[in-house]
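Colleague: Below is coords-v4.txt; it holds compact mmCIF, C-alpha atoms and all ligand atoms.
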# COMPACT_ATOMS: atom_id res chain seq x y z
CA MET R 1 1.03 32.35 -4.31
CA VAL R 2 2.91 33.18 -1.09
CA ILE R 3 5.75 30.77 -0.32
CA SER R 4 6.08 30.24 3.41
CA GLU R 5 9.18 28.06 3.48
CA LYS R 6 12.01 26.68 1.37
CA ILE R 7 12.76 22.98 1.90
CA HIS R 8 15.81 21.13 0.61
CA CYS R 9 14.35 17.63 0.57
CA LEU R 10 10.61 17.18 1.00
CA ILE R 11 9.19 13.74 1.75
CA ILE R 12 5.46 13.26 1.25
CA GLY R 13 4.02 10.27 3.11
CA SER R 14 4.99 8.31 6.18
CA GLY R 15 4.90 4.57 5.60
CA PRO R 16 8.02 2.38 5.61
CA ALA R 17 9.17 4.02 2.34
CA GLY R 18 8.83 7.58 3.62
CA TYR R 19 10.46 6.92 7.01
CA THR R 20 13.35 5.02 5.46
CA ALA R 21 13.88 7.86 3.00
CA ALA R 22 13.83 10.24 5.98
CA ILE R 23 16.45 8.20 7.86
CA TYR R 24 18.82 8.10 4.89
CA ALA R 25 18.21 11.70 3.85
CA SER R 26 18.84 12.92 7.41
CA ARG R 27 22.08 11.00 7.70
CA ALA R 28 23.16 12.44 4.34
CA GLY R 29 22.63 15.96 5.70
CA LEU R 30 19.70 16.78 3.39
CA LYS R 31 17.61 18.17 6.29
CA PRO R 32 14.47 16.37 5.13
CA VAL R 33 11.03 17.63 6.04
CA MET R 34 8.28 15.04 6.03
CA TYR R 35 4.56 15.67 5.81
CA GLN R 36 2.96 12.53 7.16
CA GLY R 37 -0.32 12.59 5.29
CA LEU R 38 -3.82 11.56 6.25
CA GLN R 39 -2.80 8.30 7.90
CA PRO R 40 0.56 8.75 9.68
CA GLY R 41 2.41 5.44 9.50
CA GLY R 42 0.42 4.32 6.48
CA GLN R 43 -1.21 0.96 5.86
CA LEU R 44 0.74 -0.82 8.60
CA THR R 45 -1.14 1.14 11.21
CA ILE R 46 -4.28 -0.78 10.28
CA THR R 47 -2.70 -4.23 10.49
CA THR R 48 -2.04 -6.25 13.59
CA GLU R 49 1.10 -8.33 14.00
CA VAL R 50 3.94 -8.16 11.47
CA GLU R 51 6.06 -11.30 11.45
CA ASN R 52 7.88 -10.98 8.15
CA TYR R 53 9.87 -7.79 8.68
CA PRO R 54 13.50 -8.78 9.29
CA GLY R 55 14.95 -7.67 12.59
CA TYR R 56 11.91 -8.40 14.73
CA PRO R 57 12.42 -12.06 15.69
CA GLU R 58 9.33 -12.07 17.92
CA GLY R 59 7.20 -10.12 15.45
CA VAL R 60 5.87 -6.63 16.10
CA MET R 61 2.52 -4.91 15.93
CA GLY R 62 2.19 -2.82 12.76
CA PRO R 63 1.44 0.47 14.58
CA GLN R 64 4.40 -0.10 16.94
CA MET R 65 6.71 -0.78 14.03
CA MET R 66 5.74 2.50 12.45
CA LYS R 67 6.37 4.29 15.77
CA ASP R 68 9.84 2.69 15.77
CA PHE R 69 10.46 3.88 12.20
CA GLU R 70 9.33 7.38 13.15
CA ALA R 71 11.48 7.48 16.30
CA GLN R 72 14.52 6.41 14.29
CA ALA R 73 13.90 9.06 11.62
CA GLN R 74 13.43 11.68 14.32
CA ARG R 75 16.63 10.65 16.11
CA MET R 76 18.51 11.16 12.84
CA GLY R 77 17.11 14.68 12.68
CA ALA R 78 14.20 14.44 10.25
CA ASP R 79 11.61 17.19 10.66
CA ILE R 80 8.38 15.20 10.83
CA ARG R 81 5.14 17.12 10.64
CA TRP R 82 1.43 16.50 10.66
CA GLY R 83 -0.20 17.65 7.49
CA MET R 84 -0.72 16.59 3.94
CA ALA R 85 0.22 17.76 0.51
CA THR R 86 -3.00 18.90 -1.13
CA LYS R 87 -1.73 20.29 -4.45
CA VAL R 88 1.55 20.47 -6.33
CA ASP R 89 3.11 22.50 -9.09
CA LEU R 90 6.06 20.55 -10.46
CA SER R 91 6.28 22.51 -13.70
CA SER R 92 9.31 24.53 -12.60
CA ARG R 93 12.08 24.44 -10.01
CA PRO R 94 11.99 24.81 -7.09
CA PHE R 95 8.88 22.65 -6.91
CA LYS R 96 5.84 24.09 -5.19
CA ILE R 97 3.65 22.10 -2.84
CA GLU R 98 0.49 23.19 -1.10
CA ILE R 99 0.09 21.92 2.47
CA ASP R 100 -3.34 21.38 4.05
CA GLU R 101 -4.90 23.73 1.50
CA GLU R 102 -3.42 26.51 3.61
CA LYS R 103 0.12 27.33 2.66
CA TRP R 104 2.66 26.73 -0.09
CA VAL R 105 6.21 25.53 0.40
CA GLU R 106 9.06 25.25 -2.09
CA ALA R 107 11.30 22.22 -2.37
CA ASP R 108 14.54 21.53 -4.23
CA SER R 109 13.71 17.84 -4.33
CA VAL R 110 10.59 15.82 -3.63
CA ILE R 111 10.30 12.20 -2.54
CA ILE R 112 6.80 10.85 -3.12
CA ALA R 113 5.98 8.08 -0.64
CA THR R 114 2.21 8.43 -0.50
CA GLY R 115 1.47 4.69 -0.70
CA ALA R 116 -1.65 2.99 -1.89
CA SER R 117 -4.94 2.20 -0.26
CA ALA R 118 -6.56 -1.20 -0.41
CA LYS R 119 -10.02 -1.17 -1.89
CA TRP R 120 -12.70 -2.48 0.43
CA LEU R 121 -16.17 -3.83 -0.23
CA GLY R 122 -17.78 -1.23 2.00
CA LEU R 123 -19.69 -3.54 4.34
CA GLU R 124 -20.19 -2.54 7.96
CA SER R 125 -19.04 -6.00 9.12
CA GLU R 126 -15.87 -5.68 7.05
CA GLN R 127 -14.94 -2.46 8.82
CA ARG R 128 -15.90 -3.71 12.27
CA LEU R 129 -13.89 -6.96 11.97
CA ASN R 130 -10.88 -5.38 10.24
CA GLY R 131 -7.83 -6.73 12.07
CA TYR R 132 -9.99 -9.44 13.69
CA GLY R 133 -9.99 -11.85 10.79
CA VAL R 134 -10.64 -9.35 8.01
CA SER R 135 -7.51 -8.38 6.13
CA ALA R 136 -6.47 -6.96 2.77
CA CYS R 137 -3.09 -8.72 2.79
CA ALA R 138 -2.83 -12.52 2.75
CA VAL R 139 0.97 -12.46 2.79
CA CYS R 140 0.87 -10.32 5.95
CA ASP R 141 -1.88 -12.09 7.85
CA GLY R 142 -2.41 -15.53 6.29
CA PHE R 143 -0.03 -17.21 8.68
CA PHE R 144 -2.28 -16.40 11.65
CA PHE R 145 -4.89 -18.69 10.10
CA LYS R 146 -2.65 -21.68 9.50
CA ASP R 147 -4.67 -24.93 9.35
CA LYS R 148 -7.96 -23.01 9.32
CA GLU R 149 -10.62 -22.38 6.69
CA VAL R 150 -10.56 -18.93 5.11
CA ALA R 151 -12.19 -17.01 2.26
CA ILE R 152 -10.94 -14.51 -0.26
CA VAL R 153 -12.87 -12.13 -2.50
CA GLY R 154 -11.54 -10.95 -5.86
CA ALA R 155 -10.59 -12.46 -9.19
CA GLY R 156 -7.54 -10.55 -10.39
CA ASP R 157 -3.90 -11.60 -10.27
CA THR R 158 -3.59 -10.47 -6.66
CA ALA R 159 -6.57 -12.54 -5.55
CA ALA R 160 -5.26 -15.55 -7.48
CA GLU R 161 -1.78 -15.18 -6.04
CA GLU R 162 -3.09 -14.71 -2.52
CA ALA R 163 -5.51 -17.63 -2.84
CA LEU R 164 -2.58 -19.85 -3.85
CA TYR R 165 -0.50 -18.51 -0.96
CA LEU R 166 -3.35 -19.23 1.47
CA SER R 167 -3.94 -22.70 0.01
CA LYS R 168 -0.51 -23.74 1.24
CA LEU R 169 -1.23 -22.61 4.78
CA CYS R 170 -4.93 -23.18 5.27
CA THR R 171 -7.06 -26.29 5.07
CA LYS R 172 -9.48 -24.71 2.61
CA VAL R 173 -9.81 -21.45 0.71
CA HIS R 174 -13.27 -20.30 -0.41
CA MET R 175 -12.85 -17.88 -3.30
CA LEU R 176 -15.67 -15.53 -4.26
CA VAL R 177 -15.76 -14.37 -7.87
CA ARG R 178 -18.47 -11.88 -8.71
CA ARG R 179 -18.76 -12.80 -12.40
CA ASP R 180 -18.64 -16.10 -14.27
CA GLU R 181 -15.01 -15.53 -15.20
CA MET R 182 -11.81 -14.29 -13.63
CA ARG R 183 -9.79 -11.27 -14.62
CA ALA R 184 -6.52 -12.93 -13.57
CA SER R 185 -4.03 -14.06 -16.22
CA LYS R 186 -4.70 -17.50 -17.72
CA VAL R 187 -1.72 -19.10 -16.03
CA MET R 188 -2.81 -17.86 -12.59
CA GLN R 189 -6.37 -19.01 -13.24
CA GLN R 190 -5.15 -22.46 -14.19
CA ARG R 191 -3.11 -22.70 -11.01
CA VAL R 192 -6.08 -21.67 -8.90
CA LEU R 193 -8.45 -24.04 -10.70
CA SER R 194 -6.11 -26.98 -10.29
CA THR R 195 -5.54 -26.46 -6.57
CA PRO R 196 -7.76 -28.97 -4.78
CA ASN R 197 -8.30 -26.99 -1.58
CA ILE R 198 -9.45 -23.80 -3.34
CA GLN R 199 -13.21 -23.81 -3.90
CA ILE R 200 -14.46 -21.19 -6.33
CA TYR R 201 -17.91 -19.66 -6.02
CA TRP R 202 -18.78 -18.15 -9.42
CA ASN R 203 -21.32 -15.32 -9.67
CA SER R 204 -21.06 -14.84 -5.94
CA GLU R 205 -20.77 -11.82 -3.72
CA THR R 206 -20.21 -11.18 -0.06
CA ALA R 207 -23.53 -10.54 1.64
CA GLU R 208 -22.06 -10.33 5.15
CA ILE R 209 -19.00 -11.27 7.15
CA LEU R 210 -20.22 -13.09 10.21
CA GLY R 211 -18.81 -12.80 13.70
CA ASP R 212 -19.14 -10.73 16.82
CA LYS R 213 -15.60 -9.99 18.02
CA LYS R 214 -13.79 -11.96 15.31
CA VAL R 215 -14.64 -13.56 11.99
CA SER R 216 -16.59 -16.79 12.39
CA GLY R 217 -18.20 -17.16 8.98
CA LEU R 218 -19.38 -15.71 5.73
CA ARG R 219 -22.75 -15.20 4.08
CA ILE R 220 -22.43 -15.66 0.33
CA ARG R 221 -25.04 -14.41 -2.13
CA ASP R 222 -25.53 -15.91 -5.57
CA THR R 223 -25.83 -12.91 -7.90
CA GLN R 224 -28.04 -14.85 -10.33
CA THR R 225 -30.61 -16.29 -7.94
CA GLY R 226 -30.21 -14.02 -4.91
CA GLU R 227 -29.93 -17.11 -2.70
CA THR R 228 -27.63 -16.90 0.28
CA LYS R 229 -25.70 -19.50 2.17
CA ASP R 230 -23.52 -19.34 5.27
CA ILE R 231 -20.17 -21.05 5.70
CA GLU R 232 -18.02 -21.28 8.79
CA LEU R 233 -14.48 -19.95 8.56
CA SER R 234 -11.85 -17.97 10.46
CA ALA R 235 -10.68 -15.22 8.14
CA PHE R 236 -11.80 -13.15 5.20
CA PHE R 237 -9.30 -11.64 2.79
CA VAL R 238 -10.19 -8.80 0.48
CA ALA R 239 -8.18 -8.70 -2.76
CA ILE R 240 -10.17 -6.46 -5.05
CA GLY R 241 -7.35 -4.10 -5.97
CA HIS R 242 -5.51 -1.10 -4.61
CA THR R 243 -5.65 2.58 -5.42
CA PRO R 244 -2.31 4.37 -5.50
CA ASN R 245 -2.42 7.71 -3.71
CA SER R 246 -1.11 9.68 -6.64
CA GLY R 247 -4.04 11.93 -7.56
CA ILE R 248 -2.35 15.25 -6.80
CA PHE R 249 0.59 14.44 -9.10
CA LYS R 250 -1.53 13.76 -12.18
CA GLY R 251 -0.59 15.96 -15.10
CA PHE R 252 3.01 16.29 -13.89
CA ILE R 253 4.28 12.78 -13.20
CA ASP R 254 4.07 9.87 -15.64
CA MET R 255 1.82 7.10 -14.37
CA ASP R 256 0.30 3.93 -15.71
CA GLU R 257 -3.40 3.71 -16.45
CA GLU R 258 -4.17 2.76 -12.84
CA GLY R 259 -2.28 5.72 -11.41
CA TYR R 260 0.88 3.94 -10.27
CA ILE R 261 3.86 6.26 -10.74
CA ASN R 262 6.32 5.13 -13.40
CA THR R 263 9.90 5.11 -12.21
CA ILE R 264 12.97 4.47 -14.30
CA PRO R 265 13.60 0.75 -13.71
CA GLY R 266 16.17 0.11 -11.02
CA THR R 267 15.86 3.67 -9.66
CA SER R 268 13.34 5.88 -7.89
CA LYS R 269 13.54 8.55 -10.60
CA THR R 270 10.34 9.83 -12.17
CA ASN R 271 10.01 11.70 -15.46
CA ILE R 272 10.82 14.92 -13.58
CA GLU R 273 14.41 15.33 -12.49
CA GLY R 274 14.48 15.95 -8.77
CA VAL R 275 11.19 14.17 -8.07
CA PHE R 276 11.49 10.61 -6.82
CA ALA R 277 8.91 7.96 -5.94
CA CYS R 278 9.16 5.00 -3.60
CA GLY R 279 6.93 2.47 -1.87
CA ASP R 280 3.49 1.32 -2.92
CA VAL R 281 2.63 4.41 -4.96
CA GLN R 282 5.03 3.04 -7.60
CA ASP R 283 4.83 -0.68 -6.83
CA LYS R 284 1.81 -2.80 -7.62
CA MET R 285 3.74 -6.02 -7.58
CA TYR R 286 5.30 -6.62 -4.14
CA ARG R 287 3.67 -4.13 -1.73
CA GLN R 288 5.62 -5.32 1.28
CA ALA R 289 6.96 -3.15 4.13
CA VAL R 290 10.46 -4.39 3.49
CA THR R 291 10.37 -3.71 -0.27
CA ALA R 292 8.88 -0.26 0.41
CA ALA R 293 11.65 0.47 2.92
CA GLY R 294 14.28 -0.60 0.38
CA SER R 295 12.83 1.68 -2.26
CA GLY R 296 12.72 4.55 0.28
CA CYS R 297 16.43 4.10 0.80
CA ALA R 298 16.97 4.23 -2.97
CA ALA R 299 14.92 7.43 -3.22
CA ALA R 300 17.01 9.18 -0.57
CA LEU R 301 20.24 8.10 -2.27
CA ASP R 302 18.92 9.30 -5.64
CA ALA R 303 17.85 12.62 -4.05
CA GLU R 304 21.28 12.99 -2.42
CA ARG R 305 23.01 12.57 -5.79
CA TYR R 306 20.61 14.96 -7.49
CA LEU R 307 21.00 17.64 -4.81
CA GLY R 308 24.77 17.17 -4.80
CA ALA R 309 24.89 17.79 -8.56
CA LEU R 310 22.55 20.79 -8.18
CA ALA R 311 24.85 22.35 -5.55
CA PHE R 312 27.95 21.64 -7.65
CA ASN R 313 26.40 23.22 -10.74
CA ALA R 314 25.26 26.28 -8.75
CA ALA R 315 28.77 26.74 -7.32
CA HIS R 316 30.40 26.47 -10.75
CA SER R 317 27.99 28.47 -12.85
P1 LIG S 401 -7.43 -5.96 -10.49
O1 LIG S 401 -8.03 -4.61 -10.64
O2 LIG S 401 -6.72 -6.57 -11.65
O3 LIG S 401 -8.56 -7.01 -10.07
C1 LIG S 401 -9.50 -6.70 -9.09
C2 LIG S 401 -10.46 -7.87 -8.99
O4 LIG S 401 -11.35 -7.63 -7.92
C3 LIG S 401 -11.30 -8.08 -10.26
O5 LIG S 401 -11.44 -9.44 -10.52
C4 LIG S 401 -12.65 -7.48 -9.87
O6 LIG S 401 -13.75 -8.12 -10.46
C5 LIG S 401 -12.68 -7.76 -8.39
N1 LIG S 401 -13.52 -6.79 -7.68
C6 LIG S 401 -13.44 -5.44 -7.72
N2 LIG S 401 -14.38 -4.90 -6.92
C7 LIG S 401 -15.07 -5.94 -6.39
C8 LIG S 401 -16.16 -6.03 -5.50
N3 LIG S 401 -16.73 -4.95 -4.98
N4 LIG S 401 -16.62 -7.27 -5.17
C9 LIG S 401 -16.04 -8.37 -5.69
N5 LIG S 401 -15.00 -8.35 -6.53
C10 LIG S 401 -14.52 -7.15 -6.88
O7 LIG S 401 -6.49 -5.84 -9.17
P2 LIG S 401 -5.26 -6.75 -8.71
O8 LIG S 401 -4.84 -6.19 -7.40
O9 LIG S 401 -5.58 -8.16 -8.79
O10 LIG S 401 -4.11 -6.43 -9.76
C11 LIG S 401 -3.68 -5.09 -10.01
C12 LIG S 401 -2.64 -5.11 -11.13
O11 LIG S 401 -1.43 -5.74 -10.66
C13 LIG S 401 -3.09 -5.92 -12.35
O12 LIG S 401 -2.61 -5.30 -13.49
C14 LIG S 401 -2.43 -7.27 -12.14
O13 LIG S 401 -2.21 -7.97 -13.34
C15 LIG S 401 -1.09 -6.84 -11.48
N6 LIG S 401 -0.56 -7.94 -10.65
C16 LIG S 401 0.29 -8.83 -11.23
C17 LIG S 401 0.80 -9.88 -10.50
C18 LIG S 401 1.71 -10.82 -11.17
O14 LIG S 401 1.94 -10.69 -12.36
N7 LIG S 401 2.25 -11.79 -10.45
C19 LIG S 401 0.47 -10.09 -9.08
C20 LIG S 401 -0.46 -9.11 -8.58
C21 LIG S 401 -0.95 -8.09 -9.34
P3 LIG S 401 -14.12 -7.93 -12.01
O15 LIG S 401 -13.11 -8.77 -12.76
O16 LIG S 401 -15.49 -8.46 -12.08
O17 LIG S 401 -14.01 -6.48 -12.32
Go ahead and express the file in the form of structure tokens.
Modeller:
Amino acid sequence: MVISEKIHCLIIGSGPAGYTAAIYASRAGLKPVMYQGLQPGGQLTITTEVENYPGYPEGVMGPQMMKDFEAQAQRMGADIRWGMATKVDLSSRPFKIEIDEEKWVEADSVIIATGASAKWLGLESEQRLNGYGVSACAVCDGFFFKDKEVAIVGAGDTAAEEALYLSKLCTKVHMLVRRDEMRASKVMQQRVLSTPNIQIYWNSETAEILGDKKVSGLRIRDTQTGETKDIELSAFFVAIGHTPNSGIFKGFIDMDEEGYINTIPGTSKTNIEGVFACGDVQDKMYRQAVTAAGSGCAAALDAERYLGALAFNAAHS
């Protein structure tokens, strides 16, 4: 293995967590290098308007917000690069990271901010109308459909929570459950079932999302009979789970059974000293830009302390 570069603080991923880590790490003099990953800017680049990020009183478009984050990180001196980490060896220090399957770099510290990807149904109409009434985040986009009828697919805790959130904003929430029972915890199920404006469709799947330029309806298929029916509505929310982008760290970093990275509660520290995780790759609960940014800040502060101790020990050994 030929090492092409030695990096003091490597940040992998470029959503709100990664950029915030880059801002803090730059200001702390850690000379961070960021590899942006497959989707520079992360999940916010596929949303439309963001109204719940503090500091933007008029709201901001997701892609613009990520450009602002990037510009701020760059102004602080972060070295931001295209490219993705394709393999890692975290078994010894300095850590080794393969970039774009081409070259290997070494890093004294690593901040993992690779995010998570929403799972999608895989329908053509879902992809075409994404951002035009199709969304994977009710908390982000529900408000745009205030006083309208909407639908949500999924039956886990996220779907239940998002259905309840939407029920407070929208006139009616049609909830599609593919089996005859929900996976969500009993308490969440009870809340959903006792909310008058949530209508549950058991044994039902999404045949098609209807609409030309924006969502205008939904075709529901009964999985038992195959019968379909169309309903008119304005938005379709997908809440069938997320996949954390943690595959390359498997075998080195402790994760839960779904692949979310375990951090020491209240910190960004992983099981490997010098490797930190922030943002959605370690958070299946909140998944908000502002919580990701906060955890990115924590990761940079943790990395600063770790690198400070490393330098002190090297100077006194
Ligand atoms: P889950 O994996 O728990 O649930 C996904 C749901 O989507 C399941 O009901 C599944 O159906 C359904 N689904 C999957 N694929 C399809 C498809 N193609 N078509 C229709 N439905 C589909 O994901 P969540 O995001 O809900 O939760 C992830 C984790 O986070 C869980 O451990 C959850 O408990 C936790 N969480 C906890 C919260 C809380 O405590 N407040 C809030 C949010 C999440 P099926 O059941 O048939 O497989």
Colleague: Grab me every residue within 8 Å of ligand LIG 401 (chain S), counting all atoms listed in the file, and send it over as a short mmCIF file (atom, residue, chain, number, x, y, z; two decimals) with C-alpha atoms, in the coordinates of the input.
Modeller:
data_model
loop_
_atom_site.label_atom_id
_atom_site.label_comp_id
_atom_site.auth_asym_id
_atom_site.auth_seq_id
_atom_site.Cartn_x
_atom_site.Cartn_y
_atom_site.Cartn_z
CA LYS R 119 -10.02 -1.17 -1.89
CA TRP R 120 -12.70 -2.48 0.43
CA LEU R 121 -16.17 -3.83 -0.23
CA GLY R 122 -17.78 -1.23 2.00
CA VAL R 153 -12.87 -12.13 -2.50
CA GLY R 154 -11.54 -10.95 -5.86
CA ALA R 155 -10.59 -12.46 -9.19
CA GLY R 156 -7.54 -10.55 -10.39
CA ASP R 157 -3.90 -11.60 -10.27
CA THR R 158 -3.59 -10.47 -6.66
CA ALA R 159 -6.57 -12.54 -5.55
CA ALA R 160 -5.26 -15.55 -7.48
CA GLU R 161 -1.78 -15.18 -6.04
CA LEU R 176 -15.67 -15.53 -4.26
CA VAL R 177 -15.76 -14.37 -7.87
CA ARG R 178 -18.47 -11.88 -8.71
CA ARG R 179 -18.76 -12.80 -12.40
CA GLU R 181 -15.01 -15.53 -15.20
CA MET R 182 -11.81 -14.29 -13.63
CA ARG R 183 -9.79 -11.27 -14.62
CA ALA R 184 -6.52 -12.93 -13.57
CA SER R 185 -4.03 -14.06 -16.22
CA GLU R 205 -20.77 -11.82 -3.72
CA THR R 206 -20.21 -11.18 -0.06
CA ALA R 239 -8.18 -8.70 -2.76
CA ILE R 240 -10.17 -6.46 -5.05
CA GLY R 241 -7.35 -4.10 -5.97
CA HIS R 242 -5.51 -1.10 -4.61
CA LYS R 284 1.81 -2.80 -7.62
CA MET R 285 3.74 -6.02 -7.58
CA TYR R 286 5.30 -6.62 -4.14
#
Colleague: Excluding Gly133 of chain R and residues on its chain fewer than 3 positions from it, collect all residues at most 8 Å away from it, counting all atoms listed in the file, and give them as JSON, numbers by chain.
Modeller: {"R": [129, 130, 214, 215, 234, 235, 236]}
Colleague: To one decimal place in Å, what is the distance between atom CA of Asp230 of chain R and atom CA of Leu210 of chain R?
Modeller: 8.6 Å
Colleague: Neighbours of segment 310-313 of chain R within 12 Å (all atoms listed in the file; same-chain residues fewer than 2 positions away dropped), as a VMD selection string?
Modeller: chain R and resid 8 30 93 to 94 108 to 109 273 to 274 303 to 308 315 to 317
Colleague: Which residue is closest to Gln189 of chain R? Choose from R:Phe276, R:Ser246, R:Ala163, R:Glu58 and count all atoms listed in the file.
Modeller: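 Going through R:Phe276, R:Ser246, R:Ala163, R:Glu58 one by one, the smallest distance to Gln189 of chain R is for R:Ala163.
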Colleague: From the set R:Lys103, R:Lys87, R:Pro16, R:Ala22, which residue has the shortest atom-to-atom contact distance to Pro63 of chain R, counting only C-alpha atoms?
Modeller: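 So, comparing all the options, the nearest one is R:Pro16.
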Colleague: From the set R:Thr114, R:Val33, R:Ser26, R:Met255, which residue has the shortest atom-to-atom contact distance to Gln72 of chain R, counting all atoms listed in the file?
Modeller: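 Using all atoms listed in the file, Gln72 of chain R sits closest to R:Ser26.
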Colleague: For Ile97 of chain R, list every protein, DNA or RNA residue within 12 Å, evaluated using all atoms listed in the file, and leave out those in the same chain fewer than 2 positions away; present the list as a PyMOL selection string.
Modeller: chain R and resi 1-7+10-12+35+83-95+99-112+248-249
Colleague: Using only C-alpha atoms, please write the residues we just selected to a file, as a tab-separated table (two decimals), keeping the file's coordinate frame.
Modeller:
chain	number	residue	atom	x	y	z
R	1	MET	CA	1.03	32.35	-4.31
R	2	VAL	CA	2.91	33.18	-1.09
R	3	ILE	CA	5.75	30.77	-0.32
R	4	SER	CA	6.08	30.24	3.41
R	5	GLU	CA	9.18	28.06	3.48
R	6	LYS	CA	12.01	26.68	1.37
R	7	ILE	CA	12.76	22.98	1.90
R	10	LEU	CA	10.61	17.18	1.00
R	11	ILE	CA	9.19	13.74	1.75
R	12	ILE	CA	5.46	13.26	1.25
R	35	TYR	CA	4.56	15.67	5.81
R	83	GLY	CA	-0.20	17.65	7.49
R	84	MET	CA	-0.72	16.59	3.94
R	85	ALA	CA	0.22	17.76	0.51
R	86	THR	CA	-3.00	18.90	-1.13
R	87	LYS	CA	-1.73	20.29	-4.45
R	88	VAL	CA	1.55	20.47	-6.33
R	89	ASP	CA	3.11	22.50	-9.09
R	90	LEU	CA	6.06	20.55	-10.46
R	91	SER	CA	6.28	22.51	-13.70
R	92	SER	CA	9.31	24.53	-12.60
R	93	ARG	CA	12.08	24.44	-10.01
R	94	PRO	CA	11.99	24.81	-7.09
R	95	PHE	CA	8.88	22.65	-6.91
R	99	ILE	CA	0.09	21.92	2.47
R	100	ASP	CA	-3.34	21.38	4.05
R	101	GLU	CA	-4.90	23.73	1.50
R	102	GLU	CA	-3.42	26.51	3.61
R	103	LYS	CA	0.12	27.33	2.66
R	104	TRP	CA	2.66	26.73	-0.09
R	105	VAL	CA	6.21	25.53	0.40
R	106	GLU	CA	9.06	25.25	-2.09
R	107	ALA	CA	11.30	22.22	-2.37
R	108	ASP	CA	14.54	21.53	-4.23
R	109	SER	CA	13.71	17.84	-4.33
R	110	VAL	CA	10.59	15.82	-3.63
R	111	ILE	CA	10.30	12.20	-2.54
R	112	ILE	CA	6.80	10.85	-3.12
R	248	ILE	CA	-2.35	15.25	-6.80
R	249	PHE	CA	0.59	14.44	-9.10
Colleague: When distances are computed from all atoms listed in the file, which of R:Asn197, R:Ser216, R:Gln190, R:Asn203 shows the smallest separation from Tyr132 of chain R?
Modeller: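 Among R:Asn197, R:Ser216, R:Gln190, R:Asn203, it is R:Ser216 that comes nearest to Tyr132 of chain R.
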Colleague: Please determine the residues with any atom at most 8 Å from (-12.0, -24.7, -1.7) (coordinates as given in the file, with all atoms listed in the file counting) and report them as a list in words.
Modeller: Lys172, Val173, His174, Met175, Pro196, Asn197, Ile198, Gln199 and Ile200 of chain R
Colleague: With distances taken over all atoms listed in the file, which of R:Leu218, R:Cys170, R:Ala309, R:Cys140 is nearest to Gly59 of chain R?
Modeller: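 So, comparing all the options, the nearest one is R:Cys140.
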Colleague: Measuring between only C-alpha atoms, which one of R:Ala277, R:Glu257, R:Ala78, R:Lys250 shows the shortest distance to Cys297 of chain R?
Modeller: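 Between R:Ala277, R:Glu257, R:Ala78, R:Lys250, the residue approaching Cys297 of chain R most closely is R:Ala277.
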Colleague: Taking (-1.3, -3.5, 5.9) in the file's coordinates, which residues come within 10 Å, counting all atoms listed in the file, written as a PyMOL selection string?
Modeller: chain R and resi 42-50+62-63+117-118+131+135-141+287-289
Colleague: What separation in Å, quoted to one decimal, exists between atom CA of Gln74 of chain R and atom CA of Gln282 of chain R?
Modeller: 25.0 Å
Colleague: When you draw a straight line from atom CA of Val192 of chain R to atom CA of Gly226 of chain R, how long is it in Å?
Modeller: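 Interatomic distance here is 25.6 Å.
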Colleague: Just the residues within 6 Å of Ala17 of chain R, please, counting all atoms listed in the file, with nothing from its chain fewer than 4 positions along; format it as an mmCIF file with C-alpha atoms, in the coordinates of the input.
Modeller:
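Result saved to around.cif:
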data_model
loop_
_atom_site.group_PDB
_atom_site.id
_atom_site.type_symbol
_atom_site.label_atom_id
_atom_site.label_comp_id
_atom_site.auth_asym_id
_atom_site.auth_seq_id
_atom_site.Cartn_x
_atom_site.Cartn_y
_atom_site.Cartn_z
ATOM 1 C CA ALA R 113 5.980 8.080 -0.640
ATOM 2 C CA GLY R 279 6.930 2.470 -1.870
ATOM 3 C CA ALA R 292 8.880 -0.260 0.410
ATOM 4 C CA ALA R 293 11.650 0.470 2.920
ATOM 5 C CA GLY R 296 12.720 4.550 0.280
#
Colleague: Complete the atom set of segment 29-34 of chain R to N, CA, C and O atoms and return it as a PDB file, in the frame of the given file.
Modeller:
ATOM      1  N   GLY R  29      22.584  14.505   5.508  1.00  0.00           N
ATOM      2  CA  GLY R  29      22.630  15.960   5.700  1.00  0.00           C
ATOM      3  C   GLY R  29      21.686  16.744   4.806  1.00  0.00           C
ATOM      4  O   GLY R  29      21.885  17.931   4.578  1.00  0.00           O
ATOM      5  N   LEU R  30      20.623  16.084   4.311  1.00  0.00           N
ATOM      6  CA  LEU R  30      19.700  16.780   3.390  1.00  0.00           C
ATOM      7  C   LEU R  30      18.607  17.550   4.134  1.00  0.00           C
ATOM      8  O   LEU R  30      17.757  18.175   3.502  1.00  0.00           O
ATOM      9  N   LYS R  31      18.624  17.468   5.481  1.00  0.00           N
ATOM     10  CA  LYS R  31      17.610  18.170   6.290  1.00  0.00           C
ATOM     11  C   LYS R  31      16.192  17.912   5.779  1.00  0.00           C
ATOM     12  O   LYS R  31      15.450  18.846   5.433  1.00  0.00           O
ATOM     13  N   PRO R  32      15.793  16.658   5.704  1.00  0.00           N
ATOM     14  CA  PRO R  32      14.470  16.370   5.130  1.00  0.00           C
ATOM     15  C   PRO R  32      13.327  16.845   6.021  1.00  0.00           C
ATOM     16  O   PRO R  32      13.410  16.804   7.250  1.00  0.00           O
ATOM     17  N   VAL R  33      12.288  17.300   5.358  1.00  0.00           N
ATOM     18  CA  VAL R  33      11.030  17.630   6.040  1.00  0.00           C
ATOM     19  C   VAL R  33      10.003  16.643   5.523  1.00  0.00           C
ATOM     20  O   VAL R  33       9.860  16.457   4.316  1.00  0.00           O
ATOM     21  N   MET R  34       9.305  15.999   6.443  1.00  0.00           N
ATOM     22  CA  MET R  34       8.280  15.040   6.030  1.00  0.00           C
ATOM     23  C   MET R  34       6.888  15.536   6.420  1.00  0.00           C
ATOM     24  O   MET R  34       6.664  15.941   7.560  1.00  0.00           O
TER      25      MET R  34
END
